[in-house]
Structure formats: C-alpha cells, structure tokens
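Participant: Got a structure for you, written out below as structure tokens; questions coming shortly.
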Amino acid sequence: MKQKRRDRTPKTYTRLTRPLVREVPGDRTSPFRTATWDEALDAAAGGFARTRAAHGPDAFAMLSCSRATNEMNFVAQKFTRVVMGTNNVDSCNRTCHAPSVAGLSAVFGSGGGTSSYEEVEHTDLILMWGSNARFAHPIFFQHVLRGIRNGARMYAVDPRRTSTAEWAESWLGLNVGTDIPLAHAVAREIIAADLHNKAFVERATTGFEEFEALVEPWTLSLAEKVTGVPAAAIRQLAHAYATAERAQLCWTLGITEHHNGTDNVRALINLALLTGHVGRYGAGVQPLRGQNNVQGGGDMGAIPNRLPGFQDLLDDGLRLKFEKAWETVIPARYGMTLTDMFEAMEEGSLHAVYCVGENPAQSEADSEQAVRRLSALDHLVVQDIFLTKTAELADVVLPATASWAETEGTTTNSERRVQRVRAALTPPGEAREDIDIICEVAGRLGHDWKYPDAETVWNELRSLSPDHFGMTYDRLAEHQGLQWPCPDTEELPSPYLHGRLWESDPARRGRLAPFGLVQHDPPVDLTDESYPIRLTTGRRLDSYNTGVQSSGFASPLRRGEYVELCPEDAERYGVVVGEEVRVSSRRGTVTAPVWVDPGLRPGLAFMTMHFPDEVDTNVLTIEANCPIAGTAEFKASAIRIEKIEKIENAEKLTVRG
Ligand SMILES: Nc1nc2c(c(=O)[nH]1)N[C@H]1C(S)=C(S)[C@@H](COP(=O)(O)OP(=O)(O)OC[C@H]3O[C@@H](n4cnc5c(=O)[nH]c(N)nc54)[C@H](O)[C@@H]3O)O[C@H]1N2
Ligand SMILES: Nc1nc2c(c(=O)[nH]1)N[C@H]1C(S)=C(S)[C@@H](COP(=O)(O)OP(=O)(O)OC[C@H]3O[C@@H](n4cnc5c(=O)[nH]c(N)nc54)[C@H](O)[C@@H]3O)O[C@H]1N2
Ligand SMILES: [Mo]
C-alpha cells in the first residue's frame with residue numbers, strides 16, 4: 001500500500017498587532033479577545049501584584065529577550081530587581097552558552113570570549129570544536145574563510161561531517177559526548193611530545209602537575225576506543241595545535257549542551273592554557289554566542305547572579321552601588337536560573353512569569369513537561385512579536401516591536417562589540433517598544449520611570465558599569481561599535497582579553513588561570529537495545545530556533561523537519577528518503593520523514609528544533625542539566641526508529657504539533 005504523507009508545510013506566523021486578554025479573566029481555557037493597551041497592562045500588572053502579595057517576591061520570574069537590545073535587557077532586569085524585589089531573571093543563555101560563561105569566568109574571571117573576529121583572519125590554526133559555524137554563524141564564518149585564504153589551517157571536531165567540516169583540513173568525527181576524552185588525549189600527546197608552552201604554564205597557570213596526572217591515562221589508543229577518532233588523527237591535531245604560532249579555538253553547542261557542559265568547556269580551555277594560545281593577538285578561545293544579543297543580555301544583568309556590567313551581586317560593595325542608584329534593596333542571594341524556574345513551577349513555588357521574547361514551550365528539553373508546567377502558573381504574561389505556542393498559554397499577550405528593525409538601542413556580539421541598532425521600519429498595528437511596555441507595567445506597580453529614549457537607559461548603565469563607561473552613543477557610531485572592557489572615553493579598547501597573563505610582573509599579571517581537573521562523564525540518556533540510536537539535535541542554515549521568526553520565509557531550501565540517518569542505517573531499517581517513521585525516546589514519540597545524510601555515522605541521527613508545530617523534536621530530548629550552568633543535554637538523547645508499515649497503524653499514532 002502506498003504510504004500517505006502528512007502535510008508538513010511549516011506553520012506560518014503573523015505579527016501580533018493588538019494586545020490580547022482572556023474572555024474570562026483568570027481562565028486560560030477561555031478564548032483570547034483583543035483588548036485596549038490600558039486593559040491589557042492593568043491585567044498584566046494586577047496579576048503580578050496579586051502574586052507578590054500572596055506569595056512574596058520570589059514567586060515571580062522574568063524571562064528576558066536575547067534578541068532585544070541591551071537597553072531593553074537592562075530595563076527588564078531592573079523591573080525584576082526593583083519593582084518585583086527578586087533576582088529571578090534569566091534568558092535563553094541558559095539553554096545555550098551558560099556553560100561557556102561559567103567555564104570562562106572560573107578560569108579567567110570574566111565570561112566573554114577572549115578574541116575579536118578580525119583575529120581569525122590573522123591566525124595560523126582555527127579549531128572549530130562542536131560548532132557548525134558555516135550554518136549557525138555565517139557572518140563569523142566569512143572571517144574564517146578569509147583566515148583560510150590567508151593560510152590558516154582548519155580542524156573540525158563534530159560527530160557529523162557538517163558543512164563547516166567540509167572546509168577543514170581534517171575532520172575528527174567523534175562519538176557524541178566524548179569531548180573530554182578527546183581533549184585529554186590531545187593534552188597528553190602535547191605533553192608527551194614536549195610541545196607545551198612551559199614558560200606560559202609556569203607564569204600564568206595553576207594546577208599543571210595535577211592536570212598532567214589527570215590526562216596521563218588518556219593514551220591515543222584508549223581515546224580512539226572511547227571517541228571513535230583514529231589515534232593518528234588525534235595525534236595530528238595535537239601537534240598542529242601545539243606547534244601553531246597562533247591558534248583560535250572556537251566552540252559552540254556541541255560542547256555546551258550536555259549535562260556536563262561546563263566541564264567540557266574547561267577541558268577545551270585547558271588546551272589553550274597548555275599551549276599559551278590565549279591573551280595574544282591571533283590566539284584565543286571563543287564561544288560563538290547564539291542569539292544576536294545573548295552576550296549583551298547577560299552583560300546587562302538579565303541573569304540571576306550578575307548585576308549590569310557582569311558585576312557579582314554577592315559583592316556587598318557592588319550591590320550597594322546599585323541599591324543607592326535605584327533607591328532599593330536588592331536581595332543578597334542569586335535568583336533562579338531558567339532551569340530552576342521550571343523546577344519551581346513543578347514544586348508550586350513559582351506562580352507568575354513575565355516572558356519577554358522567549359518561546360520556552362517549544363525550546364525547553366522535554367517540551368510536554370514544559371508546557372504542563374507553564375500551564376499550571378497562576379499568571380503568565382507573554383510579550384512577543386508573534387503569537388507563539390508559549391503566548392497561547394498566557395493570560396495576557398502584549399505585542400512588541402522587533403528589536404533589530406523597529407527599535408533604537410545597542411546590541412553586543414560574541415566578540416564583545418557593542419553596536420548601535422536603529423529603527424528602519426514602522427511597527428505594525430498598535431505594537432509598542434519593549435522598554436515602553438515594561439515601564440508601563442512598572443508604572444502600574446508604583447514605579448514611575450522616565451526613559452524618554454534608549455540613550456537615557458544606556459547612560460544609566462554606563463554610570464553603573466565601568467566596563468561600558470567609555471562607550472557613549474557618539475563614540476559607538478564613530479567607531480562602528482566598541483568592545484568591552486571600555487572604561488575610558490578617549491582610549492580605544494584592546495581587541496583581545498587577558499594579555500595580562502603574559503606580564504612578567506606578578507602584580508600586573510593578576511589572578512592566574514587554573515587548569516580544570518574534569519573527568520569524562522558519558523551522556524545521561526544511555527543507548528540500549530530498546531533505544532539503540534544516539535540522537536543529536538541542532539540547526540540548519542535556512543531556519544531560526546523554534547521557527548517562529550523564520551516561518552514567513554518560503555523557500556525550496558526550507559524543507560521542513562526530517563530525521564536524518566546515514567545511508568547504512570537507512571538501509572538497515574529499510575527506509576527511504578521522505579518515508580515517515582516513528583521516532584521514540586524514553587519521553588515521547590513523534591513521526592517524521594527520513595532524510596539520508598552521508599555526513600552522519602552509523603548509530604547517529606540528527607533532527608532540528610526548527611519545526612516544532614509539525615514535528616516537536618523536544619518531545620524526545622532529555623532534561624538532564626549541567627549542575628553548574630543549568631543547561632540541558634539537547635545534544636544527546638537515545639531513540640528508536642520504527643518503520644510505519646501500514647497506513648491504518650500510522651493514523652492511530654499520536655501525532656503532535
Ligand atoms: N541558521 C541559524 N543560525 C543560528 C541559529 C538558528 O537557529 N539557525 N540559532 C542561533 C543560536 S541560538 C545558537 S546557540 C547558535 C548555535 O550554533 P551551533 O552550536 O553551531 O549549532 P548546532 O547545530 O546546535 O550545534 C553545533 C554542532 O554540534 C555538534 N555536536 C553534537 N553533539 C556533539 C558532541 O557531543 N561533541 C561535539 N564536539 N559536537 C557535537 C552537532 O553535530 C552540530 O553540528 O546558532 C545561532 N545561529
Ligand atoms: N532540541 C533542541 N532544543 C533547543 C536547542 C537545540 O540545539 N536543540 N537549542 C537551545 C538554544 S541554544 C536556544 S538559544 C533556545 C532558543 O529558545 P527561544 O529563545 O525560546 O526560541 P526562539 O525561537 O529564538 O524564540 C524567540 C522569541 O522571541 C521573539 N522575539 C524576537 N525579537 C523580539 C523582540 O524584539 N521583542 C520581543 N518581545 N520578542 C521578540 C520571537 O518572536 C520568538 O517568539 O532553544 C534551545 N532549544
Ligand atoms: Mo542559543
């Protein structure tokens with residue numbers, strides 16, 4: 001019998017133009033109706049006030065938008081701390097590069113990538129580790145290509161032979177979740193061949209002896225067994241990285257989205273410490289950040305443990321500075337991470353959420369659980385540019401303008417460069433600026449803030465953050481952006497960080513960089529007879545995250561969701577391209593058509609997160625989190641693939657989305 005194909009045409013979203021409230025207030029099963037701004041803002045603020053009165057400030061949490069401006073993120077965290085009196089503010093940084101920030105902070109005292117984009121053009125070796133930059137960071141990748149044209153060699157470490165890996169001199173196709181064994185084997189080989197930078201290790205680092213002992217067991221042959229990468233390829237990478245005059249080590253989610261993401265990051269930074277590939281022009285470590293302003297959101301304090309300017313809120317002096325400026329008391333304890341918030345929803349201690357520009361109902365691991373938890377909140381306000389799946393669960397929906405095209409302000413990219421954005425388009429309908437909307441809600445809760453424009457917000461930030469003080473709007477325009485730290489209004493900042501580690505004077509060198517003594521810890525969701533295939537999830541060039549913003553982009557390139565298998569596995573299961581199969585994990589089941597990709601290896605499948613309305617990949621993923629950073633193991637689930645033999649059976653399946 002011929003197989004019937006489900007219609008997989010991706011859902012198209014239209015822009016929100018008017019505020020929405022429930023026909024029966026408080027009853028989220030009742031339909032939405034359009035409302036005036038006053039009605040909607042009163043409903044939003046009223047719910048927050050009731051929550052605080054009944055359950056205290058910590059029953060509230062804010063999700064702040066990593067696509068919106070620095071100024072918006074500054075106001076969102078100020079709303080959380082000053083109006084609601086809690087540090088419960090976080091963003092999608094948690095699902096993505098929180099392990100990079102935690103790992104870099106632990107080693108260097110600051111969570112930013114150490115280099116500038118331009119340095120990739122002037123380096124000798126580019127190591128792309130767990131990063132598909134050709135698809136996910138196409139602008140950065142242009143700098144990579146220029147570097148290659150200038151003579152740099154490139155190595156790629158990824159379980160899949162990606163479009164990025166196609167450009168590499170050598171691709172190391174490792175088993176998912178074996179990055180620590182691979183990094184340790186590279187380190188051991190560098191030490192055994194006496195290629196480490198002894199002068200730098202001596203001068204700038206601590207813990208080398210313990211590190212040497214830790215990596216000693218990771219011989220090339222043991223690493224080959226565990227990682228699946230041939231010993232010769234590991235050896236070649238070790239020698240190339242160590243003997244390069246300057247090397248750039250770039251990583252992304254292949255490293256961070258694991259239950260031990262911070263440990264993975266530490267294992268990579270160890271390699272830079274061992275070889276002295278950091279703190280010099282052309283040599284550094286770079287997590288390529290995900291969203292256009294996820295770096296800036298964290299810098300602005302839209303995270304539960306830092307005040308604006310990435311200043312630790314447990315530092316009494318720093319906290320006092322903000323308390324004085326804002327005439328408030330900031331709780332001297334870290335707030336909840338996004339991960340903690342979802343756990344608190346389960347426990348019933350989190351009652352109200354103000355979600356500005358995030359779509360957690362589709363982006364969280366184990367999404368059925370996430371939807372159930374969001375649905376149980378007393379009060380959910382969603383401020384977005386589209387009616388997302390998360391917005392569909394809300395009490396109040398507030399239509400915002402789109403930051404990059406309809407707003408004034410600044411954003412900060414992965415090289416810590418703050419740049420101006422300017423309004424080029426008029427927002428649709430009655431949509432309003434994010435900052436104005438938050439200020440309106442604050443006003444209804446007794447805080448009358450005056451921010452006539454984004455520059456006023458920025459200057460308040462500058463007065464509180466030494467790293468941003470030197471960046472006036474005029475200077476940002478004059479220099480096409482400036483990198484932090486920029487404490488001075490005259491001098492230009494250095495393109496790279498931590499040059500101090502090379503100083504001979506210990507006082508100028510400052511805090512030394514510790515080696516990370518991290519151990520291999522395989523993925524939580526083990527493969528076995530019932531779930532024999534390793535699923536890893538990620539991105540394609542043609543779509544963006546949960547698909548909401550890329551839904552309007554109709555192109556033959558954007559072909560919808562597939563479960564991608566290698567040719568051998570497709571043959572083993574007797575399935576062909578386009579054939580619908582059932583994909584199950586220990587958490588749920590979806591159906592998806594098959595795609596065959598020779599860049600995959602036997603036992604490995606790939607899916608994206610881009611079409612959750614058609615195939616909800618996150619029904620399959622596991623909510624196993626890095627205990628340090630709170631990031632989920634999106635990159636490693638165990639699944640089973642079953643042929644759908646008969647159309648009758650196919651119709652009985654639970655098809656989600
Ligand atoms: N076109 C496009 N660009 C985007 C986005 C988008 O949705 N679409 N999203 C943006 C966001 S939010 C982010 S965070 C970035 C993410 O950018 P990337 O991190 O580059 O994107 P991913 O495809 O999620 O994952 C990168 C690679 O990790 C590999 N990987 C999986 N498991 C492992 C492992 O165990 N070890 C190693 N070494 N590698 C592994 C995958 O095979 C994949 O090729 O992209 C940003 N840019
Ligand atoms: N399976 C799987 N799941 C993943 C990942 C993975 O690799 N695999 N990656 C994770 C990662 S790295 C990330 S970053 C998350 C992303 O997770 P989310 O951030 O939840 O997903 P997005 O689709 O980027 O949602 C962004 C929302 O912001 C809205 N928006 C855009 N601009 C503005 C603005 O200016 N103002 C307002 N108010 N709203 C705006 C958009 O309309 C959209 O609804 O997903 C995570 N989930
Ligand atoms: Mo991300």
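Chain labels follow the order of the structure tokens: the first chain is A, the next B, and so on; residue numbering restarts at 1 in every chain, and ligands are counted from 1 in their shown order.
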Let's see if you can do this: from backbone DSSP, list all helix (DSSP H, G or I) residues in region 555-646 of chain A, as a list in words.

Facilitator: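 Selecting the helix (DSSP H, G or I) positions of region 555-646 of chain A gives Pro567, Glu568, Asp569, Ala570, Glu571, Arg572, Tyr573, Thr617, Asn618 and Val619 of chain A.
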
Participant: Give me, as CSV, the closest atom pair and its distance (Å, one decimal) for every residue of chain A within a cut-off of 6 Å of ligand 3, counting only C-alpha atoms and all ligand atoms, rows sorted by chain and rising number.

Facilitator:
residue,atom,partner,partner_atom_place_in_ligand_line,distance
A:Cys96,CA,ligand 3,1 (Mo),4.5
A:Gly290,CA,ligand 3,1 (Mo),4.0
A:Gln291,CA,ligand 3,1 (Mo),5.7

Participant: Counting only C-alpha atoms, which of A:His259, A:Arg422, A:His447, A:Arg203 gets nearest to Ala405 (chain A)?

Facilitator: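 Closest residue, counting only C-alpha atoms: A:Arg422.
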
Participant: Just want the 7 Å neighbourhood of region 52-58 of chain A, counted on only C-alpha atoms, with same-chain residues fewer than 2 positions away dropped. Output as an NGL selection string.

Facilitator: :A and (48-50 or 60 or 84-86 or 88)

Participant: With only C-alpha atoms and all ligand atoms as the basis for distance, which of A:Thr589, A:Thr411, A:Thr114, A:Thr537 is at the shortest distance from ligand 2?

Facilitator: A:Thr537

Participant: Show me, as number ranges by chain, the residues that have an atom within 10 Å of region 612-620 of chain A when counting only C-alpha atoms, minus same-chain residues fewer than 2 positions from it.

Facilitator: A: 6-12, 361-370, 389, 535, 537, 545-548, 560-563, 583-593, 607-610, 622-623, 634, 637-639, 655-657

Participant: Report as an MDAnalysis selection string all protein, DNA and RNA residues lying within 12 Å of Gly516 (chain A), evaluated on only C-alpha atoms, omitting residues in the same chain fewer than 3 positions from it.

Facilitator: chainID A and resid 103:104 106:108 180 183:184 205:212 214:215 262:274 513 519

Participant: At a cut-off of 7 Å around ligand 1, and using only C-alpha atoms and all ligand atoms, what residues come up? Please write them as a ChimeraX atom specification.

Facilitator: /A:96-97,129-133,135-137,157-160,162,174-179,252-255,289-291,536-545,610,635-636

Participant: Can you pull out every residue within 9 Å of Arg246 (chain A), counting only C-alpha atoms, but drop anything in the same chain fewer than 2 positions away, and send it as JSON, numbers by chain?

Facilitator: {"A": [122, 123, 124, 125, 241, 243, 244, 248, 276, 277, 278, 280, 281, 282, 283, 284]}

Participant: I need the chosen residues saved as a PDB file, in the first residue's frame, with N, CA, C and O atoms.

Facilitator:
ATOM      1  N   HIS A 122      43.848  36.479  11.019  1.00  0.00           N
ATOM      2  CA  HIS A 122      45.298  36.619  11.219  1.00  0.00           C
ATOM      3  C   HIS A 122      45.769  35.595  12.237  1.00  0.00           C
ATOM      4  O   HIS A 122      46.329  35.941  13.266  1.00  0.00           O
ATOM      5  N   THR A 123      45.468  34.344  11.955  1.00  0.00           N
ATOM      6  CA  THR A 123      45.881  33.278  12.854  1.00  0.00           C
ATOM      7  C   THR A 123      46.428  32.143  11.984  1.00  0.00           C
ATOM      8  O   THR A 123      46.292  32.175  10.757  1.00  0.00           O
ATOM      9  N   ASP A 124      47.040  31.150  12.633  1.00  0.00           N
ATOM     10  CA  ASP A 124      47.639  30.071  11.843  1.00  0.00           C
ATOM     11  C   ASP A 124      46.809  28.801  11.866  1.00  0.00           C
ATOM     12  O   ASP A 124      46.914  27.962  10.989  1.00  0.00           O
ATOM     13  N   LEU A 125      45.989  28.665  12.935  1.00  0.00           N
ATOM     14  CA  LEU A 125      45.174  27.463  13.031  1.00  0.00           C
ATOM     15  C   LEU A 125      43.815  27.802  13.647  1.00  0.00           C
ATOM     16  O   LEU A 125      43.743  28.520  14.643  1.00  0.00           O
ATOM     17  N   TYR A 241      47.998  21.915  16.668  1.00  0.00           N
ATOM     18  CA  TYR A 241      47.559  22.977  17.598  1.00  0.00           C
ATOM     19  C   TYR A 241      48.739  23.496  18.412  1.00  0.00           C
ATOM     20  O   TYR A 241      48.910  24.707  18.583  1.00  0.00           O
ATOM     21  N   THR A 243      52.014  23.349  17.789  1.00  0.00           N
ATOM     22  CA  THR A 243      53.138  23.976  17.074  1.00  0.00           C
ATOM     23  C   THR A 243      52.709  25.216  16.296  1.00  0.00           C
ATOM     24  O   THR A 243      53.565  25.935  15.776  1.00  0.00           O
ATOM     25  N   ALA A 244      51.413  25.482  16.198  1.00  0.00           N
ATOM     26  CA  ALA A 244      50.976  26.709  15.512  1.00  0.00           C
ATOM     27  C   ALA A 244      51.494  27.915  16.292  1.00  0.00           C
ATOM     28  O   ALA A 244      51.496  27.912  17.523  1.00  0.00           O
ATOM     29  N   GLN A 248      43.298  29.763  17.178  1.00  0.00           N
ATOM     30  CA  GLN A 248      41.988  30.175  17.703  1.00  0.00           C
ATOM     31  C   GLN A 248      41.168  28.911  17.948  1.00  0.00           C
ATOM     32  O   GLN A 248      40.981  28.110  17.028  1.00  0.00           O
ATOM     33  N   GLY A 276      49.600  28.162  25.571  1.00  0.00           N
ATOM     34  CA  GLY A 276      49.736  29.624  25.541  1.00  0.00           C
ATOM     35  C   GLY A 276      48.974  30.272  24.392  1.00  0.00           C
ATOM     36  O   GLY A 276      49.301  31.368  23.962  1.00  0.00           O
ATOM     37  N   HIS A 277      47.907  29.585  23.920  1.00  0.00           N
ATOM     38  CA  HIS A 277      47.113  30.166  22.834  1.00  0.00           C
ATOM     39  C   HIS A 277      45.977  31.016  23.396  1.00  0.00           C
ATOM     40  O   HIS A 277      44.794  30.770  23.125  1.00  0.00           O
ATOM     41  N   VAL A 278      46.334  32.004  24.195  1.00  0.00           N
ATOM     42  CA  VAL A 278      45.334  32.931  24.733  1.00  0.00           C
ATOM     43  C   VAL A 278      46.061  34.192  25.193  1.00  0.00           C
ATOM     44  O   VAL A 278      47.244  34.137  25.563  1.00  0.00           O
ATOM     45  N   ARG A 280      46.975  36.743  23.394  1.00  0.00           N
ATOM     46  CA  ARG A 280      47.849  37.356  22.391  1.00  0.00           C
ATOM     47  C   ARG A 280      47.012  37.620  21.148  1.00  0.00           C
ATOM     48  O   ARG A 280      46.032  36.899  20.885  1.00  0.00           O
ATOM     49  N   TYR A 281      47.425  38.574  20.321  1.00  0.00           N
ATOM     50  CA  TYR A 281      46.708  38.841  19.079  1.00  0.00           C
ATOM     51  C   TYR A 281      46.749  37.583  18.191  1.00  0.00           C
ATOM     52  O   TYR A 281      47.814  37.015  17.961  1.00  0.00           O
ATOM     53  N   GLY A 282      45.591  37.127  17.749  1.00  0.00           N
ATOM     54  CA  GLY A 282      45.527  35.957  16.864  1.00  0.00           C
ATOM     55  C   GLY A 282      45.396  34.642  17.600  1.00  0.00           C
ATOM     56  O   GLY A 282      45.178  33.606  16.984  1.00  0.00           O
ATOM     57  N   ALA A 283      45.534  34.649  18.924  1.00  0.00           N
ATOM     58  CA  ALA A 283      45.418  33.405  19.699  1.00  0.00           C
ATOM     59  C   ALA A 283      44.354  33.607  20.776  1.00  0.00           C
ATOM     60  O   ALA A 283      44.398  34.592  21.503  1.00  0.00           O
ATOM     61  N   GLY A 284      43.395  32.683  20.859  1.00  0.00           N
ATOM     62  CA  GLY A 284      42.368  32.868  21.882  1.00  0.00           C
ATOM     63  C   GLY A 284      41.343  31.747  21.907  1.00  0.00           C
ATOM     64  O   GLY A 284      41.440  30.768  21.150  1.00  0.00           O
TER      65      GLY A 284
END

Participant: Can you pull out the residues contacting region 335-348 of chain A? Cut-off 7 Å, using only C-alpha atoms, and skip same-chain residues under 4 positions away; I want them as a VMD selection string.

Facilitator: chain A and resid 86 to 91 94 304 to 305 373 377 630

Participant: What residues in region 82-160 of chain A get the DSSP label strand (DSSP E)? Please answer as a list in words.

Facilitator: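 The residues of region 82-160 of chain A classed as strand (DSSP E) are Val89, Asp90, Leu125, Ile126, Leu127, Met128, Trp129, Arg153, Met154, Tyr155, Ala156 and Val157 of chain A.
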
Participant: With distances taken over only C-alpha atoms, which residue among A:Val226, A:Pro598, A:Ala152, A:Val82 lies nearest Glu245 (chain A)?

Facilitator: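 Checking each candidate against Glu245 (chain A), we get A:Ala152 as the closest.
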
Participant: Identify which of the residues A:Leu288, A:Ala570, A:Ala629, A:Val397 lies closest to Thr34 (chain A), counting only C-alpha atoms when measuring atom-to-atom distances.

Facilitator: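 Counting only C-alpha atoms, the residue closest to Thr34 (chain A) is A:Val397.
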